[in-house]
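What's in coords.cif: mmCIF, C-alpha atoms and all ligand atoms
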data_query
#
loop_
_atom_site.label_atom_id
_atom_site.label_comp_id
_atom_site.auth_asym_id
_atom_site.auth_seq_id
_atom_site.Cartn_x
_atom_site.Cartn_y
_atom_site.Cartn_z
CA MET A 1037 103.50 150.06 142.03
CA SER A 1038 103.20 147.66 139.07
CA ALA A 1039 102.11 144.06 139.44
CA PRO A 1040 104.90 141.51 140.03
CA GLN A 1041 106.42 139.90 136.94
CA ALA A 1042 108.51 136.77 136.47
CA PRO A 1043 112.24 137.59 136.63
CA ARG A 1044 113.99 138.57 133.43
CA GLY A 1045 114.88 135.58 131.29
CA THR A 1046 112.35 133.24 132.88
CA TYR A 1047 108.91 132.13 131.86
CA ASP A 1048 105.81 130.46 133.23
CA LEU A 1049 104.38 127.30 131.73
CA LEU A 1050 100.63 127.54 131.96
CA PRO A 1051 98.71 124.25 132.22
CA ASP A 1052 98.23 123.60 128.48
CA GLU A 1053 101.92 124.15 127.79
CA ALA A 1054 102.96 122.23 130.90
CA ALA A 1055 100.86 119.28 129.74
CA ARG A 1056 102.59 119.31 126.33
CA ARG A 1057 105.97 119.36 127.98
CA ASP A 1058 104.99 116.55 130.34
CA ALA A 1059 104.12 114.44 127.32
CA VAL A 1060 107.55 115.06 125.77
CA VAL A 1061 109.31 114.17 129.00
CA ALA A 1062 107.21 111.04 129.43
CA THR A 1063 108.14 109.86 125.93
CA ALA A 1064 111.82 110.44 126.56
CA ALA A 1065 111.64 108.77 129.98
CA ARG A 1066 110.03 105.69 128.49
CA LEU A 1067 112.72 105.37 125.80
CA PHE A 1068 115.55 106.03 128.23
CA GLY A 1069 114.13 103.24 130.39
CA ALA A 1070 113.93 100.89 127.42
CA TYR A 1071 117.62 101.53 126.71
CA GLY A 1072 118.60 100.85 130.32
CA TYR A 1073 119.07 104.43 131.49
CA ARG A 1074 118.02 105.30 135.01
CA HIS A 1075 116.85 108.66 136.24
CA ILE A 1076 119.25 110.72 138.34
CA VAL A 1077 118.53 113.97 140.17
CA THR A 1078 121.33 116.27 141.29
CA PRO A 1079 121.10 119.59 143.18
CA GLU A 1080 120.06 122.79 141.47
CA PHE A 1081 123.29 124.39 142.67
CA GLU A 1082 126.81 123.16 143.25
CA GLU A 1083 130.08 124.56 144.45
CA THR A 1084 131.37 126.90 141.76
CA GLY A 1085 134.67 125.03 141.50
CA LEU A 1086 132.89 121.96 140.14
CA PHE A 1087 131.89 123.77 136.98
CA GLU A 1088 135.18 125.61 136.69
CA ARG A 1089 136.94 122.27 136.64
CA GLY A 1090 134.23 120.32 134.86
CA VAL A 1091 133.36 122.61 131.99
CA GLY A 1092 136.86 123.94 131.57
CA ALA A 1093 137.91 127.33 132.77
CA ALA A 1094 138.11 128.81 129.29
CA THR A 1095 134.66 128.03 128.01
CA ASP A 1096 132.18 130.80 127.51
CA ILE A 1097 129.76 129.09 129.85
CA VAL A 1098 132.18 129.46 132.71
CA ARG A 1099 133.61 132.79 131.74
CA LYS A 1100 130.45 134.65 131.07
CA GLU A 1101 127.28 132.78 131.67
CA MET A 1102 127.40 131.17 135.08
CA TYR A 1103 124.84 132.17 137.63
CA THR A 1104 127.21 132.44 140.54
CA PHE A 1105 126.55 133.89 143.97
CA LEU A 1106 127.92 133.91 147.51
CA ASP A 1107 125.62 132.39 150.10
CA LYS A 1108 125.31 133.66 153.63
CA GLY A 1109 128.31 131.55 154.62
CA GLU A 1110 130.38 133.25 151.90
CA ARG A 1111 130.56 130.05 149.88
CA SER A 1112 130.64 130.50 146.11
CA LEU A 1113 127.77 128.54 144.61
CA THR A 1114 126.57 128.28 141.03
CA LEU A 1115 123.16 127.39 139.67
CA ARG A 1116 123.68 124.37 137.44
CA PRO A 1117 124.65 125.51 133.91
CA GLU A 1118 124.97 122.00 132.45
CA GLY A 1119 124.33 118.41 133.42
CA THR A 1120 127.57 116.53 132.93
CA ALA A 1121 129.76 117.86 135.75
CA PRO A 1122 127.19 117.23 138.54
CA ILE A 1123 126.61 113.69 137.28
CA CYS A 1124 130.33 112.96 137.19
CA ARG A 1125 130.59 114.38 140.71
CA ALA A 1126 127.82 112.07 141.91
CA TYR A 1127 129.42 109.12 140.09
CA VAL A 1128 132.66 109.64 142.02
CA GLU A 1129 131.10 110.71 145.32
CA HIS A 1130 128.85 107.65 145.56
CA GLY A 1131 131.30 105.11 144.16
CA LEU A 1132 129.30 104.30 141.04
CA HIS A 1133 132.47 102.95 139.47
CA LYS A 1134 131.71 99.82 141.52
CA TRP A 1135 128.47 99.33 139.62
CA PRO A 1136 128.41 97.34 136.38
CA GLN A 1137 129.81 99.65 133.70
CA PRO A 1138 128.85 101.67 131.82
CA VAL A 1139 126.56 103.42 134.27
CA LYS A 1140 123.71 104.83 132.23
CA LEU A 1141 121.82 107.80 133.58
CA TRP A 1142 119.35 110.36 132.34
CA TYR A 1143 118.18 113.67 133.73
CA TYR A 1144 115.55 116.28 133.20
CA CYS A 1145 116.07 119.54 135.01
CA PRO A 1146 116.42 123.29 134.71
CA MET A 1147 119.73 124.80 133.66
CA PHE A 1148 120.75 128.36 134.41
CA ARG A 1149 122.80 130.70 132.27
CA TYR A 1150 123.23 134.34 132.93
CA GLU A 1151 122.85 135.51 129.37
CA LYS A 1152 121.05 138.22 127.51
CA PRO A 1153 117.47 137.10 127.28
CA GLN A 1154 117.21 137.59 123.56
CA ALA A 1155 114.81 135.59 121.43
CA GLY A 1156 114.86 131.94 122.44
CA ARG A 1157 117.50 132.33 125.14
CA TYR A 1158 116.45 132.16 128.73
CA ARG A 1159 118.27 132.39 131.98
CA GLU A 1160 116.42 129.30 133.09
CA HIS A 1161 115.70 126.56 130.60
CA TYR A 1162 115.13 122.83 130.82
CA GLN A 1163 117.20 120.05 129.36
CA ILE A 1164 116.79 116.35 128.95
CA GLY A 1165 120.06 114.51 128.66
CA ALA A 1166 121.78 111.18 129.07
CA GLU A 1167 125.20 110.18 130.29
CA ALA A 1168 126.82 106.77 129.98
CA ILE A 1169 129.99 106.64 132.01
CA GLY A 1170 132.66 103.96 132.24
CA SER A 1171 133.15 102.68 128.71
CA ALA A 1172 135.15 103.82 125.70
CA ASP A 1173 133.34 101.39 123.42
CA PRO A 1174 132.22 103.05 120.17
CA ALA A 1175 129.02 101.02 120.44
CA VAL A 1176 128.07 103.14 123.45
CA ASP A 1177 128.58 106.36 121.52
CA ALA A 1178 126.55 104.95 118.67
CA GLU A 1179 123.71 103.83 120.87
CA VAL A 1180 123.28 107.17 122.59
CA ILE A 1181 123.04 108.86 119.18
CA ALA A 1182 120.54 106.27 118.05
CA LEU A 1183 118.59 106.82 121.25
CA LEU A 1184 118.31 110.52 120.57
CA GLY A 1185 117.14 109.68 117.06
CA ALA A 1186 114.54 107.34 118.51
CA ILE A 1187 113.20 110.04 120.81
CA PHE A 1188 112.87 112.54 118.00
CA ALA A 1189 111.19 109.96 115.79
CA GLU A 1190 108.76 109.04 118.54
CA LEU A 1191 107.90 112.69 119.00
CA GLY A 1192 107.41 113.16 115.26
CA VAL A 1193 110.08 115.85 114.98
CA GLU A 1194 110.71 116.69 111.33
CA GLY A 1195 113.94 117.47 109.49
CA VAL A 1196 116.60 115.89 111.74
CA THR A 1197 120.22 116.55 110.90
CA LEU A 1198 123.04 114.67 112.55
CA ASN A 1199 126.42 116.30 113.04
CA MET A 1200 129.14 114.08 114.37
CA ASN A 1201 132.60 115.13 115.30
CA SER A 1202 135.65 113.82 117.05
CA MET A 1203 137.90 116.03 119.10
CA GLY A 1204 140.77 113.62 118.90
CA ASP A 1205 142.68 112.39 121.92
CA ALA A 1206 145.95 113.00 123.73
CA ALA A 1207 147.81 111.50 120.78
CA CYS A 1208 146.52 113.79 118.07
CA ARG A 1209 144.76 116.79 119.61
CA PRO A 1210 147.72 118.79 120.95
CA ALA A 1211 149.35 119.01 117.51
CA TYR A 1212 146.05 120.06 115.98
CA VAL A 1213 145.50 122.73 118.64
CA GLU A 1214 148.93 124.19 117.91
CA LYS A 1215 148.21 124.20 114.21
CA LEU A 1216 144.94 125.99 114.83
CA ARG A 1217 146.59 128.51 117.14
CA ALA A 1218 149.26 129.29 114.54
CA TYR A 1219 146.58 129.78 111.90
CA LEU A 1220 144.58 132.11 114.16
CA GLN A 1221 147.67 134.11 115.08
CA GLY A 1222 148.25 134.68 111.39
CA ARG A 1223 144.81 136.25 111.09
CA GLU A 1224 144.58 137.84 114.49
CA GLU A 1225 143.59 141.27 113.15
CA GLU A 1226 140.36 139.85 111.80
CA LEU A 1227 139.29 138.28 115.10
CA CYS A 1228 137.09 139.78 117.80
CA GLY A 1229 138.52 140.48 121.25
CA ASP A 1230 136.99 137.32 122.70
CA CYS A 1231 138.57 135.17 120.03
CA ARG A 1232 141.98 136.72 120.55
CA GLU A 1233 141.67 135.73 124.17
CA ARG A 1234 140.43 132.24 123.25
CA MET A 1235 143.30 131.89 120.80
CA THR A 1236 145.66 131.99 123.76
CA LEU A 1237 143.58 130.17 126.39
CA ASN A 1238 141.86 127.53 124.31
CA PRO A 1239 141.85 127.98 120.52
CA LEU A 1240 139.15 125.31 120.08
CA ARG A 1241 136.68 127.67 121.70
CA THR A 1242 136.95 130.14 118.83
CA PHE A 1243 134.58 127.83 116.99
CA ASP A 1244 131.86 128.92 119.41
CA CYS A 1245 132.08 132.51 118.18
CA LYS A 1246 129.11 133.91 116.35
CA VAL A 1247 130.74 137.10 115.11
CA GLU A 1248 130.54 137.22 111.32
CA ALA A 1249 134.18 138.18 110.74
CA CYS A 1250 135.38 135.37 113.01
CA ARG A 1251 133.15 132.87 111.26
CA ALA A 1252 134.77 133.79 107.97
CA VAL A 1253 138.23 133.16 109.42
CA LEU A 1254 137.15 129.91 111.04
CA ASP A 1255 135.55 128.58 107.88
CA GLN A 1256 139.04 128.35 106.42
CA ALA A 1257 140.73 127.08 109.58
CA PRO A 1258 142.40 123.66 109.73
CA ARG A 1259 139.85 121.00 110.64
CA VAL A 1260 140.30 118.56 113.46
CA GLY A 1261 138.77 115.85 111.30
CA ASP A 1262 141.73 116.10 108.98
CA HIS A 1263 144.20 115.67 111.84
CA LEU A 1264 142.92 112.61 113.69
CA CYS A 1265 145.30 109.78 114.49
CA ALA A 1266 144.49 106.32 113.18
CA ASP A 1267 142.82 105.24 116.45
CA CYS A 1268 140.53 108.25 116.57
CA ARG A 1269 139.65 107.91 112.90
CA GLU A 1270 138.78 104.27 113.42
CA HIS A 1271 136.68 105.01 116.51
CA PHE A 1272 134.80 107.68 114.65
CA ASP A 1273 134.15 105.51 111.60
CA THR A 1274 132.99 102.65 113.82
CA VAL A 1275 130.54 104.91 115.62
CA LEU A 1276 129.14 106.04 112.30
CA GLU A 1277 128.80 102.45 111.09
CA LEU A 1278 127.06 101.40 114.27
CA VAL A 1279 124.67 104.35 114.13
CA ARG A 1280 123.74 103.16 110.68
CA ALA A 1281 123.42 99.56 111.85
CA ALA A 1282 121.15 100.57 114.75
CA ASP A 1283 118.68 101.66 112.09
CA LEU A 1284 116.94 104.15 114.34
CA LEU A 1285 117.83 107.19 112.32
CA ASP A 1286 116.71 107.69 108.77
CA GLU A 1287 119.33 106.44 106.32
CA ALA A 1288 119.43 109.82 104.57
CA VAL A 1289 120.30 111.50 107.86
CA VAL A 1290 123.15 109.08 108.55
CA ALA A 1291 124.41 109.37 104.97
CA ALA A 1292 124.50 113.16 105.26
CA ALA A 1293 126.46 112.90 108.51
CA ALA A 1294 128.89 110.51 106.83
CA ALA A 1295 129.34 112.93 103.94
CA ARG A 1296 130.21 115.74 106.33
CA ARG A 1297 132.73 113.64 108.17
CA GLY A 1298 136.21 114.85 107.53
CA LEU A 1299 134.99 118.40 107.32
CA GLY A 1300 135.93 118.29 110.93
CA GLN A 1301 134.85 120.78 113.45
CA ARG A 1302 131.82 122.83 112.89
CA ARG A 1303 130.15 125.07 115.39
CA ARG A 1304 130.77 123.18 118.57
CA ALA A 1305 133.88 121.92 120.21
CA HIS A 1306 133.38 118.46 121.62
CA ARG A 1307 135.32 116.48 124.07
CA PRO A 1308 137.02 113.28 122.96
CA GLY A 1309 134.62 110.50 122.20
CA ASP A 1310 131.71 112.80 122.59
CA ALA A 1311 129.47 112.49 119.63
CA ARG A 1312 126.39 114.51 119.50
CA ALA A 1313 123.29 114.22 117.53
CA ALA A 1314 122.28 117.73 116.74
CA ALA A 1315 118.79 117.29 115.78
CA ALA A 1316 115.65 118.53 114.43
CA GLY A 1317 113.72 115.44 113.78
CA ARG A 1318 112.41 113.00 111.27
CA GLY A 1319 108.88 111.81 111.13
CA PRO A 1320 107.67 108.64 112.80
CA GLY A 1321 106.26 106.04 110.43
CA ARG A 1322 108.51 103.32 109.13
CA ARG A 1323 111.35 103.72 111.62
CA ARG A 1324 109.04 103.79 114.56
CA ARG A 1325 107.18 100.73 113.43
CA GLN A 1326 110.44 98.92 112.91
CA ARG A 1327 111.68 99.95 116.28
CA ARG A 1328 108.56 98.80 118.02
CA ALA A 1329 108.81 95.46 116.32
CA ARG A 1330 112.42 95.16 117.31
CA GLY A 1331 112.52 96.45 120.87
CA ALA A 1332 115.24 98.69 122.19
CA PRO A 1333 118.94 98.29 121.45
CA ARG A 1334 121.48 97.08 123.94
CA ARG A 1335 124.09 99.47 125.08
CA VAL A 1336 124.74 103.11 125.22
CA ARG A 1337 127.17 105.66 126.47
CA ARG A 1338 128.30 109.14 126.68
CA ARG A 1339 125.99 111.88 126.23
CA ALA A 1340 122.99 113.00 124.38
CA GLY A 1341 121.47 116.27 125.25
CA ALA A 1342 118.45 117.91 123.85
CA ALA A 1343 118.07 121.44 125.04
CA ARG A 1344 114.49 122.27 124.80
CA ARG A 1345 114.18 125.93 124.94
CA ARG A 1346 110.84 127.34 124.60
CA PRO A 1347 110.18 129.23 121.39
CA ALA A 1348 110.54 132.93 121.95
CA ARG A 1349 107.41 134.51 123.19
CA ARG A 1350 107.32 137.97 121.85
CA SER A 1351 105.26 139.56 124.52
CA ARG A 1352 107.90 138.40 126.99
CA SER A 1353 111.02 139.31 125.07
CA ARG A 1354 109.69 142.70 124.16
CA ARG A 1355 108.71 143.57 127.66
CA PRO A 1356 110.58 146.70 128.67
CA GLN A 1357 113.13 146.02 131.35
CA PRO A 1358 113.41 148.25 134.39
ZN ZN A 1401 135.16 135.97 117.66
ZN ZN A 1402 143.77 110.56 118.19
#
What is this file in structure tokens?
Ligand SMILES: [Zn+2]
Ligand SMILES: [Zn+2]
Amino acid sequence: MSAPQAPRGTYDLLPDEAARRDAVVATAARLFGAYGYRHIVTPEFEETGLFERGVGAATDIVRKEMYTFLDKGERSLTLRPEGTAPICRAYVEHGLHKWPQPVKLWYYCPMFRYEKPQAGRYREHYQIGAEAIGSADPAVDAEVIALLGAIFAELGVEGVTLNMNSMGDAACRPAYVEKLRAYLQGREEELCGDCRERMTLNPLRTFDCKVEACRAVLDQAPRVGDHLCADCREHFDTVLELVRAADLLDEAVVAAAAARRGLGQRRRAHRPGDARAAAAGRGPGRRRRQRRARGAPRRVRRRAGAARRRPARRSRSRRPQP
């Protein structure tokens, strides 16, 4: 009998690595606190229906990657695949709408996805994220992006890029979705089986596809950024302006994001008002000194997530599987 091994798609953090991670979490926790975010802890598992409703039944996370099981009482439970749905559940369940809005929360916890443990992808990984619920103010979107920038700067992460997108709203999204669907139907033969299914269920999800042939089709697809109504366009432009005004991200990073605006949807489909800072850092130095002199900004909202997956460890990923 061979010695026990950690389950497939998981890893141990030995003390040196755990100490490095602790330092990252402590930095983020300090900045979240400075921005008025409070720590929230939700269960490691929830009723499966929460994620089916919360993430949207047609997303790949729900369709393929959830770690779902029946417990001894035959209840369908799912190990948490993402942080937003449980936080929204807690917000409603505990009447947080009676608190001063927006309610600003942060979390640090393991997420579970039942996926092929290829390089850099684990079945259990940890995420730090923030949610600000109860405001549609563009300033809240802007602040959460700036906050993510501040965390990366504090950690000395190099080479940050910022991708911002708007998914439109009830006024402009349906027409765009139909336009996209019609385009995809015209090129159906070139799409993979998954994308043909997505085309019917939720065409926006085709942008998640990594198949080369699909990417080629999607590169020429109509862009949501070109189909926003005036309100959505204004919201988006205001967020961008406020991100710039917050002065927590390097000007070059914000300028690049502004230049990409209008190119519309890239890899990820976002929900309305959800702006994400996709990041890979920018050194400390000037920005950090400025920030320290200035103190933390005022308000935030929505959602910043930084998935921190551990770099692939070859010995682990190459281990033969039984
Ligand atoms: Zn595809
Ligand atoms: Zn709109």
For ligand ZN 1401 (chain A), which residue among A:Leu1284, A:Ala1175, A:Cys1228, A:Met1203 is the nearest when counting all atoms listed in the file?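 Looking at the shortest contact to ligand ZN 1401 (chain A), the residue is A:Cys1228.
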If you count all atoms listed in the file, which residues fall within 7 Å of Ala1249 of chain A, apart from same-chain ones fewer than 3 positions away, as an mmCIF file with C-alpha atoms, in the coordinates of the input?
data_model
loop_
_atom_site.group_PDB
_atom_site.id
_atom_site.type_symbol
_atom_site.label_atom_id
_atom_site.label_comp_id
_atom_site.auth_asym_id
_atom_site.auth_seq_id
_atom_site.Cartn_x
_atom_site.Cartn_y
_atom_site.Cartn_z
ATOM 1 C CA GLU A 1226 140.360 139.850 111.800
ATOM 2 C CA LEU A 1227 139.290 138.280 115.100
ATOM 3 C CA ALA A 1252 134.770 133.790 107.970
ATOM 4 C CA VAL A 1253 138.230 133.160 109.420
#
Around all of segment 1208-1214 of chain A's listed atoms, make the axis-aligned box with 6 Å on each side and tell me centre and edge lengths in Å to one decimal, as lines of an AutoDock Vina configuration file.
center_x = 147.1
center_y = 119.0
center_z = 118.5
size_x = 16.6
size_y = 22.4
size_z = 17.0
Coordinates-based distance that separates atom CA of Gly1261 of chain A from atom CA of Glu1287 of chain A (Å, one decimal):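 Here the two named atoms are 22.2 Å from each other.
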Determine, counting all atoms listed in the file, every residue of protein, DNA or RNA that lies within 10 Å of (136.0, 134.9, 117.8) in the file coordinates, then give the result as a list in words.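 Collected hits near the coordinates: Leu1220, Glu1224, Glu1226, Leu1227, Cys1228, Gly1229, Asp1230, Cys1231, Arg1232, Glu1233, Arg1234, Met1235, Pro1239, Arg1241, Thr1242, Phe1243, Asp1244, Cys1245, Lys1246, Val1247, Glu1248, Ala1249, Cys1250, Arg1251, Ala1252, Val1253 and Leu1254 of chain A.
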Give me, please, the distance in Å between atom CA of Thr1078 of chain A and atom CA of Thr1120 of chain A, quoted to one decimal.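 Between these atoms lies a distance of 10.4 Å.
A straight line drawn from atom CA of Asp1283 of chain A to atom CA of Cys1268 of chain A is 23.3 Å long.
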Can you pull out the residues contacting Thr1084 of chain A? Cut-off 7 Å, using all atoms listed in the file, and skip same-chain residues under 4 positions away; I want them as a VMD selection string. chain A and resid 1088 1112 to 1114
At most 7 Å from ligand ZN 1402 (chain A) (only C-alpha atoms and all ligand atoms): residue list as an NGL selection string: :A and (1204-1209 or 1264-1268)
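Each of A:Asn1238, A:Gln1221, A:Thr1063, A:Ser1202 was compared to Asp1177 of chain A using all atoms listed in the file, and A:Ser1202 turns out to be the nearest.
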Pick from A:Leu1240, A:Val1180, A:Val1193, A:Ala1064 nearest to ligand ZN 1401 (chain A), counting only C-alpha atoms and all ligand atoms: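 The closest residue to ligand ZN 1401 (chain A) is A:Leu1240.
Here the question is which of A:Gly1085, A:Gly1045, A:Gly1165, A:Gly1195 gets nearest to Glu1151 of chain A using only C-alpha atoms, and that residue is A:Gly1045.
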Taking only C-alpha atoms into account, name the residue in A:Pro1136, A:Gly1109, A:Pro1153, A:Gly1119 that is nearest to Thr1046 of chain A.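 For Thr1046 of chain A, the nearest of the candidates is A:Pro1153.
Around the coordinate (118.3, 112.4, 127.0), residues that reach within 9 Å when counting all atoms listed in the file are Ala1064, Ala1065, Phe1068, Leu1141, Trp1142, Tyr1143, Tyr1144, Gln1163, Ile1164, Gly1165, Ala1166, Glu1167, Val1180, Leu1183, Leu1184, Ile1187, Arg1339, Ala1340, Gly1341 and Ala1342 of chain A.
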